[in-house]
Amino acid sequence: MLDIQFIRENPDKVKENNKIRKCHVSVDEILKLDEKRRALISQADEKRAELKAGSKSKPSPDAIKELKALGGEIKKLEEALVPVESELRELLIQLPNMTHESVPEGVDESGNQEIKTWGKKPAFNFDIKDHAELGASLDLIDTERGAKVSGSRFWYLKNDLVMLEFALMQYAATFMRDKGFTPMLPPMLVREPAMFGTGFFPADKNEIYKVNADEDDLYLIGTAEVPLASYHSDETIDIMKEPLKYFAFSSCFRREAGTYGKDTTGIIRGHQFDKIEMFVFCNQEQSWEMHEDMLAISEEFWQSLKIPYHVLLMCSGDIGAPNAKKYDIEGWFPAQNTYRELASCSHDTDFQSRRLNIKYKDGDQSKFVHTLNNTVCAMGRTMIAIMENYQQKDGSIEIPKVLRGYMGGQKKIQA
RNA sequence: GGAGAGGUGGCUGAGUUGGUCGAAAGCGCCGCUCUCGAAAAGCGGUAGGGCCGUAAGGUCCUCGUGGGUUCGAAUCCCACCCUCUCCGCCA
């Protein structure tokens with residue numbers, strides 16, 4: 001959500017931003033409604049002040065007659081205000097965040113800039129398998145029975161792949177704790193305000209599962225970002241010296257509407273996966289540096305797993321509505337001969353904190369916090385990267401050195 | 001799921017026969033006085049937000065949330081949310 005005062009004072013900037021963010025909401029319409037709204041409020045306030053003054057002690061019968069009339073006028077103004085406010089709000093919540101100046105302009109993923117590559121892509125002297133083939137031959141993934149029980153895009157993980165996920169979770173959690181982040185296990189069902197506050201509603205509503213639609217107002221989270229961001233909602237937090245840094249494990253649920261036929265083999269895209277996410281509440285002065293720090297933490301993580309990757313600076317047309325700026329880290333997937341998204345590092349400035357009402361005190365000034373989020377480790381995709389990059393000629397999979405300690409010293413996954 | 005109690009400012013907690021109550025008191029916090037300094041004591045200040053205004057300031061809204069009754073509501077009515085206690089059930 002943008003500050004209405006900012007829009008009032010910088011309509012051209014907002015219009016320009018809408019253009020590069022592919023948003024078609026009319027800024028002029030917003031300004032018109034805003035003006036209407038303020039006029040109505042002023043009128044109503046004036047009359048209400050009159051009414052209040054007149055009602056202080058017991059008024060005479062004559063005075064009551066007048067006050068009654070006044071009350072009617074106020075009611076009329078209030079009724080006129082209702083549609084104006086709801087229309088204004090409807091438009092405001094559709095506006096994307098203001099784009100940071102360092103973000104390249106572009107219409108889709110073709111506009112993203114590769115700003116770094118790391119690691120040597122493995123050279124194989126044998127015919128490599130993709131992760132689905134490896135999963136089948138080593139009895140690690142059962143997609144057929146997943147579909148039988150729950151439908152398409154569901155699966156069972158089995159045997160050493162399960163143990164590998166537990167090892168990864170343990171490794172990633174320890175890694176983040178050692179970086180000074182507070183470990184969390186959040187609720188995976190949230191109410192509507194949490195979804196709205198983080199920006200998933202209204203923009204991505206059709207991506208979200210609603211539970212017991214008629215009975216409960218609960219939604220399955222698509223990422224731990226939602227409960228983490230909402231953790232401090234309606235609070236004033238103390239972050240002038242140090243930001244508040246958290247990481248959380250959660251399962252993630254996504255409807256994947258409109259992805260028919262996309263990534264249908266293996267476990268690259270499913271309705272449910274496990275992920276560890278980091279989330280930071282930061283003051284406005286330190287947040288841009290924090291964003292770079294978070295990217296650096298991610299890079300260190302992938303380097304420790306020795307997964308080749310590159311970093312993309314996402315363009316204006318390919319970032320989500322809450323983002324002011326975003327980096328993606330894409331890992332090398334040898335069987336697809338391409339990079340695929342492993343992590344997404346976003347700076348949302350005060351877009352979420354305005355909706356969630358999270359502030360901090362800077363001296364005697366009250367300001368909205370900046371929120372940042374970044375994937376630590378999405379288990380499924382990470383395991384694909386491990387399986388494919390670490391596969392051996394004999395069909396086995398080597399286990400990355402840093403994970404072996406969490407698997408009782410096991411070095412390989414083999415039949 | 002059944003029965004009951006309750007949600008007031010950073011915290012504790014008054015206020016429920018509707019009328020200068022956005023709200024007593026205490027704690028906490030900030031400032032000043034006293035002191036070489038600190039403590040104690042005394043004095044003063046101390047919620048958030050909208051709108052108008054360069055500002056000073058003015059004005060309105062908010063006592064869980066949303067509606068309603070009334071000239072006037074923290075106080076009355078309705079719906080919802082949350083917390084606590086007891087019973088039942090349960091990983």
# chains A, B, ... in the order shown; residues from 1 in each chain; ligands from 1
>>> residues_around(residues="Leu403 in chain A", least_positions_apart="5", cutoff="9 Å", atoms="only C-alpha atoms (C1' of nucleotides)", output="ChimeraX atom specification")
/A:164,167-168,170-171,305,409-410
>>> interface_residues(of="chain A", to="chain B", cutoff="8 Å", atoms="only C-alpha atoms (C1' of nucleotides)", output="PyMOL selection string")
chain A and resi 38+41-42+45-46+48-49+52+54-59+63-65+67-68
>>> atom_distance(atom1="CA of Leu220 in chain A", atom2="CA of Met188 in chain A")
5.9 Å
>>> residues_around(residues="C81 in chain B", least_positions_apart="3", cutoff="12 Å", atoms="only C-alpha atoms (C1' of nucleotides)", output="ChimeraX atom specification")
/A:191,217 /B:7,64-66
>>> write_last_selection(atoms="N, CA and C atoms (P, O5', C5', C4', C3', O3' and C1' of nucleotides)", output="mmCIF file, in the first residue's frame")
data_model
loop_
_atom_site.group_PDB
_atom_site.id
_atom_site.type_symbol
_atom_site.label_atom_id
_atom_site.label_comp_id
_atom_site.auth_asym_id
_atom_site.auth_seq_id
_atom_site.Cartn_x
_atom_site.Cartn_y
_atom_site.Cartn_z
ATOM 1 N N ARG A 191 -5.494 -16.171 9.105
ATOM 2 C CA ARG A 191 -6.734 -15.500 8.759
ATOM 3 C C ARG A 191 -6.509 -14.530 7.613
ATOM 4 N N ASP A 217 -12.644 -18.980 8.562
ATOM 5 C CA ASP A 217 -11.998 -17.968 7.746
ATOM 6 C C ASP A 217 -10.491 -18.201 7.840
ATOM 7 P P G B 7 -13.816 -6.522 31.155
ATOM 8 O "O5'" G B 7 -12.330 -6.843 30.690
ATOM 9 C "C5'" G B 7 -11.558 -5.891 29.971
ATOM 10 C "C4'" G B 7 -10.962 -6.545 28.740
ATOM 11 C "C3'" G B 7 -10.788 -5.611 27.553
ATOM 12 O "O3'" G B 7 -9.424 -5.358 27.306
ATOM 13 C "C1'" G B 7 -11.756 -7.718 26.922
ATOM 14 P P G B 64 -13.336 -2.129 24.563
ATOM 15 O "O5'" G B 64 -12.641 -3.004 23.430
ATOM 16 C "C5'" G B 64 -11.232 -2.947 23.239
ATOM 17 C "C4'" G B 64 -10.856 -3.847 22.100
ATOM 18 C "C3'" G B 64 -11.626 -3.594 20.817
ATOM 19 O "O3'" G B 64 -11.008 -2.597 20.040
ATOM 20 C "C1'" G B 64 -11.696 -5.901 21.341
ATOM 21 P P U B 65 -11.858 -1.651 19.121
ATOM 22 O "O5'" U B 65 -12.395 -2.613 17.968
ATOM 23 C "C5'" U B 65 -11.526 -3.078 16.951
ATOM 24 C "C4'" U B 65 -12.313 -3.824 15.908
ATOM 25 C "C3'" U B 65 -13.539 -3.097 15.378
ATOM 26 O "O3'" U B 65 -13.218 -2.165 14.359
ATOM 27 C "C1'" U B 65 -14.139 -5.299 15.930
ATOM 28 P P G B 66 -14.177 -0.917 14.134
ATOM 29 O "O5'" G B 66 -15.487 -1.575 13.533
ATOM 30 C "C5'" G B 66 -15.440 -2.223 12.265
ATOM 31 C "C4'" G B 66 -16.776 -2.850 11.953
ATOM 32 C "C3'" G B 66 -17.971 -1.924 12.081
ATOM 33 O "O3'" G B 66 -18.113 -1.080 10.964
ATOM 34 C "C1'" G B 66 -18.465 -3.980 13.115
#
>>> select_by_dssp(residues="range 136-276 of chain A", states="strand (DSSP E)", output="VMD selection string")
chain A and resid 141 to 142 156 to 157 182 to 184 189 to 190 210 to 211 218 to 220 235 to 237 244 to 253 272 to 276
>>> write_last_selection(atoms="N, CA and C atoms", output="CSV table (one decimal), in the first residue's frame")
chain,number,residue,atom,x,y,z
A,141,ILE,N,11.0,-41.2,-4.9
A,141,ILE,CA,9.8,-40.3,-5.2
A,141,ILE,C,8.7,-41.2,-5.7
A,142,ASP,N,7.5,-41.1,-5.2
A,142,ASP,CA,6.4,-41.8,-5.8
A,142,ASP,C,5.3,-40.9,-6.2
A,156,TYR,N,4.8,-38.6,-2.8
A,156,TYR,CA,5.4,-39.1,-1.6
A,156,TYR,C,6.9,-39.0,-1.8
A,157,LEU,N,7.6,-38.6,-0.8
A,157,LEU,CA,9.1,-38.8,-0.8
A,157,LEU,C,9.3,-40.0,0.1
A,182,THR,N,16.4,-15.5,14.6
A,182,THR,CA,15.6,-16.2,15.6
A,182,THR,C,14.8,-17.3,15.0
A,183,PRO,N,15.0,-18.5,15.5
A,183,PRO,CA,14.2,-19.7,14.9
A,183,PRO,C,12.7,-19.6,15.3
A,184,MET,N,11.9,-19.9,14.3
A,184,MET,CA,10.4,-19.9,14.5
A,184,MET,C,9.7,-21.1,13.9
A,189,LEU,N,-1.8,-22.1,9.0
A,189,LEU,CA,-3.1,-21.6,8.6
A,189,LEU,C,-3.2,-20.2,9.2
A,190,VAL,N,-3.7,-19.2,8.4
A,190,VAL,CA,-3.8,-17.9,8.9
A,190,VAL,C,-5.1,-17.3,8.5
A,210,LYS,N,-8.3,-22.0,0.6
A,210,LYS,CA,-9.1,-21.7,1.7
A,210,LYS,C,-9.6,-23.0,2.3
A,211,VAL,N,-9.6,-23.0,3.6
A,211,VAL,CA,-9.9,-24.2,4.3
A,211,VAL,C,-11.4,-24.1,4.9
A,218,LEU,N,-10.0,-19.4,7.3
A,218,LEU,CA,-8.6,-19.7,7.4
A,218,LEU,C,-8.1,-20.1,6.1
A,219,TYR,N,-6.8,-19.7,5.9
A,219,TYR,CA,-6.1,-20.0,4.6
A,219,TYR,C,-4.8,-20.7,4.9
A,220,LEU,N,-4.5,-21.6,4.0
A,220,LEU,CA,-3.2,-22.3,4.0
A,220,LEU,C,-2.1,-21.4,3.5
A,235,GLU,N,2.0,-3.5,16.0
A,235,GLU,CA,2.9,-3.3,17.0
A,235,GLU,C,3.9,-2.1,16.7
A,236,THR,N,4.4,-1.5,17.7
A,236,THR,CA,5.5,-0.6,17.5
A,236,THR,C,6.8,-1.3,18.0
A,237,ILE,N,7.7,-1.6,17.2
A,237,ILE,CA,8.9,-2.4,17.6
A,237,ILE,C,10.1,-1.6,17.7
A,244,LEU,N,15.1,-6.7,13.6
A,244,LEU,CA,14.6,-8.0,14.1
A,244,LEU,C,14.6,-9.0,13.0
A,245,LYS,N,15.4,-10.1,13.2
A,245,LYS,CA,15.6,-11.1,12.2
A,245,LYS,C,15.1,-12.5,12.6
A,246,TYR,N,14.3,-13.1,11.8
A,246,TYR,CA,13.7,-14.4,12.0
A,246,TYR,C,13.9,-15.3,10.9
A,247,PHE,N,13.8,-16.6,11.2
A,247,PHE,CA,13.7,-17.6,10.1
A,247,PHE,C,12.7,-18.6,10.6
A,248,ALA,N,11.9,-19.2,9.6
A,248,ALA,CA,10.9,-20.1,10.0
A,248,ALA,C,10.8,-21.3,9.0
A,249,PHE,N,10.5,-22.5,9.6
A,249,PHE,CA,10.2,-23.6,8.7
A,249,PHE,C,8.7,-23.7,8.5
A,250,SER,N,8.2,-24.0,7.3
A,250,SER,CA,6.8,-24.3,7.2
A,250,SER,C,6.6,-25.1,5.9
A,251,SER,N,5.6,-25.9,5.9
A,251,SER,CA,5.1,-26.4,4.6
A,251,SER,C,4.4,-25.3,3.9
A,252,CYS,N,4.4,-25.3,2.6
A,252,CYS,CA,3.8,-24.3,1.8
A,252,CYS,C,2.8,-24.9,0.8
A,253,PHE,N,1.7,-24.2,0.7
A,253,PHE,CA,0.6,-24.7,-0.1
A,253,PHE,C,0.2,-23.7,-1.2
A,272,GLN,N,2.3,-28.7,-2.6
A,272,GLN,CA,2.8,-28.6,-1.3
A,272,GLN,C,4.3,-28.9,-1.2
A,273,PHE,N,5.0,-28.1,-0.5
A,273,PHE,CA,6.4,-28.3,-0.3
A,273,PHE,C,6.9,-27.7,1.0
A,274,ASP,N,8.1,-28.0,1.4
A,274,ASP,CA,8.6,-27.5,2.6
A,274,ASP,C,9.7,-26.5,2.4
A,275,LYS,N,9.7,-25.5,3.3
A,275,LYS,CA,10.7,-24.4,3.0
A,275,LYS,C,11.1,-23.7,4.3
A,276,ILE,N,12.3,-23.2,4.3
A,276,ILE,CA,12.7,-22.4,5.4
A,276,ILE,C,12.9,-21.0,4.8
>>> closest_residue(among="A:Gln113, A:Ser344, A:Ser233, A:Asn10", to="Asn374 in chain A", atoms="only C-alpha atoms")
A:Ser344
>>> atom_distance(atom1="CA of Phe368 in chain A", atom2="CA of Ser353 in chain A")
6.0 Å
>>> residues_around(residues="C43 in chain B", least_positions_apart="2", cutoff="12 Å", atoms="only C-alpha atoms (C1' of nucleotides)", output="PyMOL selection string")
chain B and resi 31-34+41+45
>>> write_last_selection(atoms="N, CA, C and O atoms (P, O5', C5', C4', C3', O3' and C1' of nucleotides)", output="PDB file, in the first residue's frame")
ATOM      1  P     G B  31      15.277  12.937  30.302  1.00  0.00           P
ATOM      2  O5'   G B  31      14.585  14.329  30.658  1.00  0.00           O
ATOM      3  C5'   G B  31      14.431  15.307  29.655  1.00  0.00           C
ATOM      4  C4'   G B  31      13.666  16.488  30.205  1.00  0.00           C
ATOM      5  C3'   G B  31      14.241  17.119  31.465  1.00  0.00           C
ATOM      6  O3'   G B  31      15.314  18.001  31.186  1.00  0.00           O
ATOM      7  C1'   G B  31      11.913  16.840  31.716  1.00  0.00           C
ATOM      8  P     C B  32      16.455  18.209  32.306  1.00  0.00           P
ATOM      9  O5'   C B  32      15.729  19.127  33.393  1.00  0.00           O
ATOM     10  C5'   C B  32      15.315  20.451  33.052  1.00  0.00           C
ATOM     11  C4'   C B  32      14.456  21.025  34.148  1.00  0.00           C
ATOM     12  C3'   C B  32      15.109  21.107  35.521  1.00  0.00           C
ATOM     13  O3'   C B  32      15.942  22.254  35.649  1.00  0.00           O
ATOM     14  C1'   C B  32      12.932  20.204  35.734  1.00  0.00           C
ATOM     15  P     U B  33      17.160  22.200  36.707  1.00  0.00           P
ATOM     16  O5'   U B  33      16.418  22.217  38.109  1.00  0.00           O
ATOM     17  C5'   U B  33      15.679  23.368  38.522  1.00  0.00           C
ATOM     18  C4'   U B  33      15.091  23.135  39.890  1.00  0.00           C
ATOM     19  C3'   U B  33      16.084  22.713  40.962  1.00  0.00           C
ATOM     20  O3'   U B  33      16.754  23.833  41.520  1.00  0.00           O
ATOM     21  C1'   U B  33      14.143  21.335  41.056  1.00  0.00           C
ATOM     22  P     C B  34      18.318  23.703  41.841  1.00  0.00           P
ATOM     23  O5'   C B  34      18.353  22.747  43.097  1.00  0.00           O
ATOM     24  C5'   C B  34      17.716  23.124  44.317  1.00  0.00           C
ATOM     25  C4'   C B  34      17.661  21.943  45.253  1.00  0.00           C
ATOM     26  C3'   C B  34      18.986  21.222  45.456  1.00  0.00           C
ATOM     27  O3'   C B  34      19.791  21.865  46.443  1.00  0.00           O
ATOM     28  C1'   C B  34      17.277  19.640  45.030  1.00  0.00           C
ATOM     29  P     A B  41      10.327   8.495  46.514  1.00  0.00           P
ATOM     30  O5'   A B  41      10.232  10.022  46.919  1.00  0.00           O
ATOM     31  C5'   A B  41       9.973  10.401  48.262  1.00  0.00           C
ATOM     32  C4'   A B  41      10.128  11.898  48.427  1.00  0.00           C
ATOM     33  C3'   A B  41       9.290  12.735  47.473  1.00  0.00           C
ATOM     34  O3'   A B  41       7.951  12.882  47.918  1.00  0.00           O
ATOM     35  C1'   A B  41      11.500  13.552  47.475  1.00  0.00           C
ATOM     36  P     G B  45       0.963  18.813  33.716  1.00  0.00           P
ATOM     37  O5'   G B  45       1.801  18.036  32.598  1.00  0.00           O
ATOM     38  C5'   G B  45       2.270  18.731  31.438  1.00  0.00           C
ATOM     39  C4'   G B  45       3.177  17.845  30.634  1.00  0.00           C
ATOM     40  C3'   G B  45       2.554  16.560  30.119  1.00  0.00           C
ATOM     41  O3'   G B  45       1.778  16.766  28.962  1.00  0.00           O
ATOM     42  C1'   G B  45       4.681  16.087  31.015  1.00  0.00           C
TER      43        G B  45
END
>>> atom_distance(atom1="CA of Pro334 in chain A", atom2="CA of Ile386 in chain A")
10.3 Å
>>> closest_residue(among="B:A79, B:G4, B:G9, B:A23", to="U46 in chain B", atoms="only C-alpha atoms (C1' of nucleotides)")
B:G9
>>> closest_residue(among="A:Ala123, A:Ala224, A:Ile7, A:Ala335", to="Glu277 in chain A", atoms="only C-alpha atoms")
A:Ala224
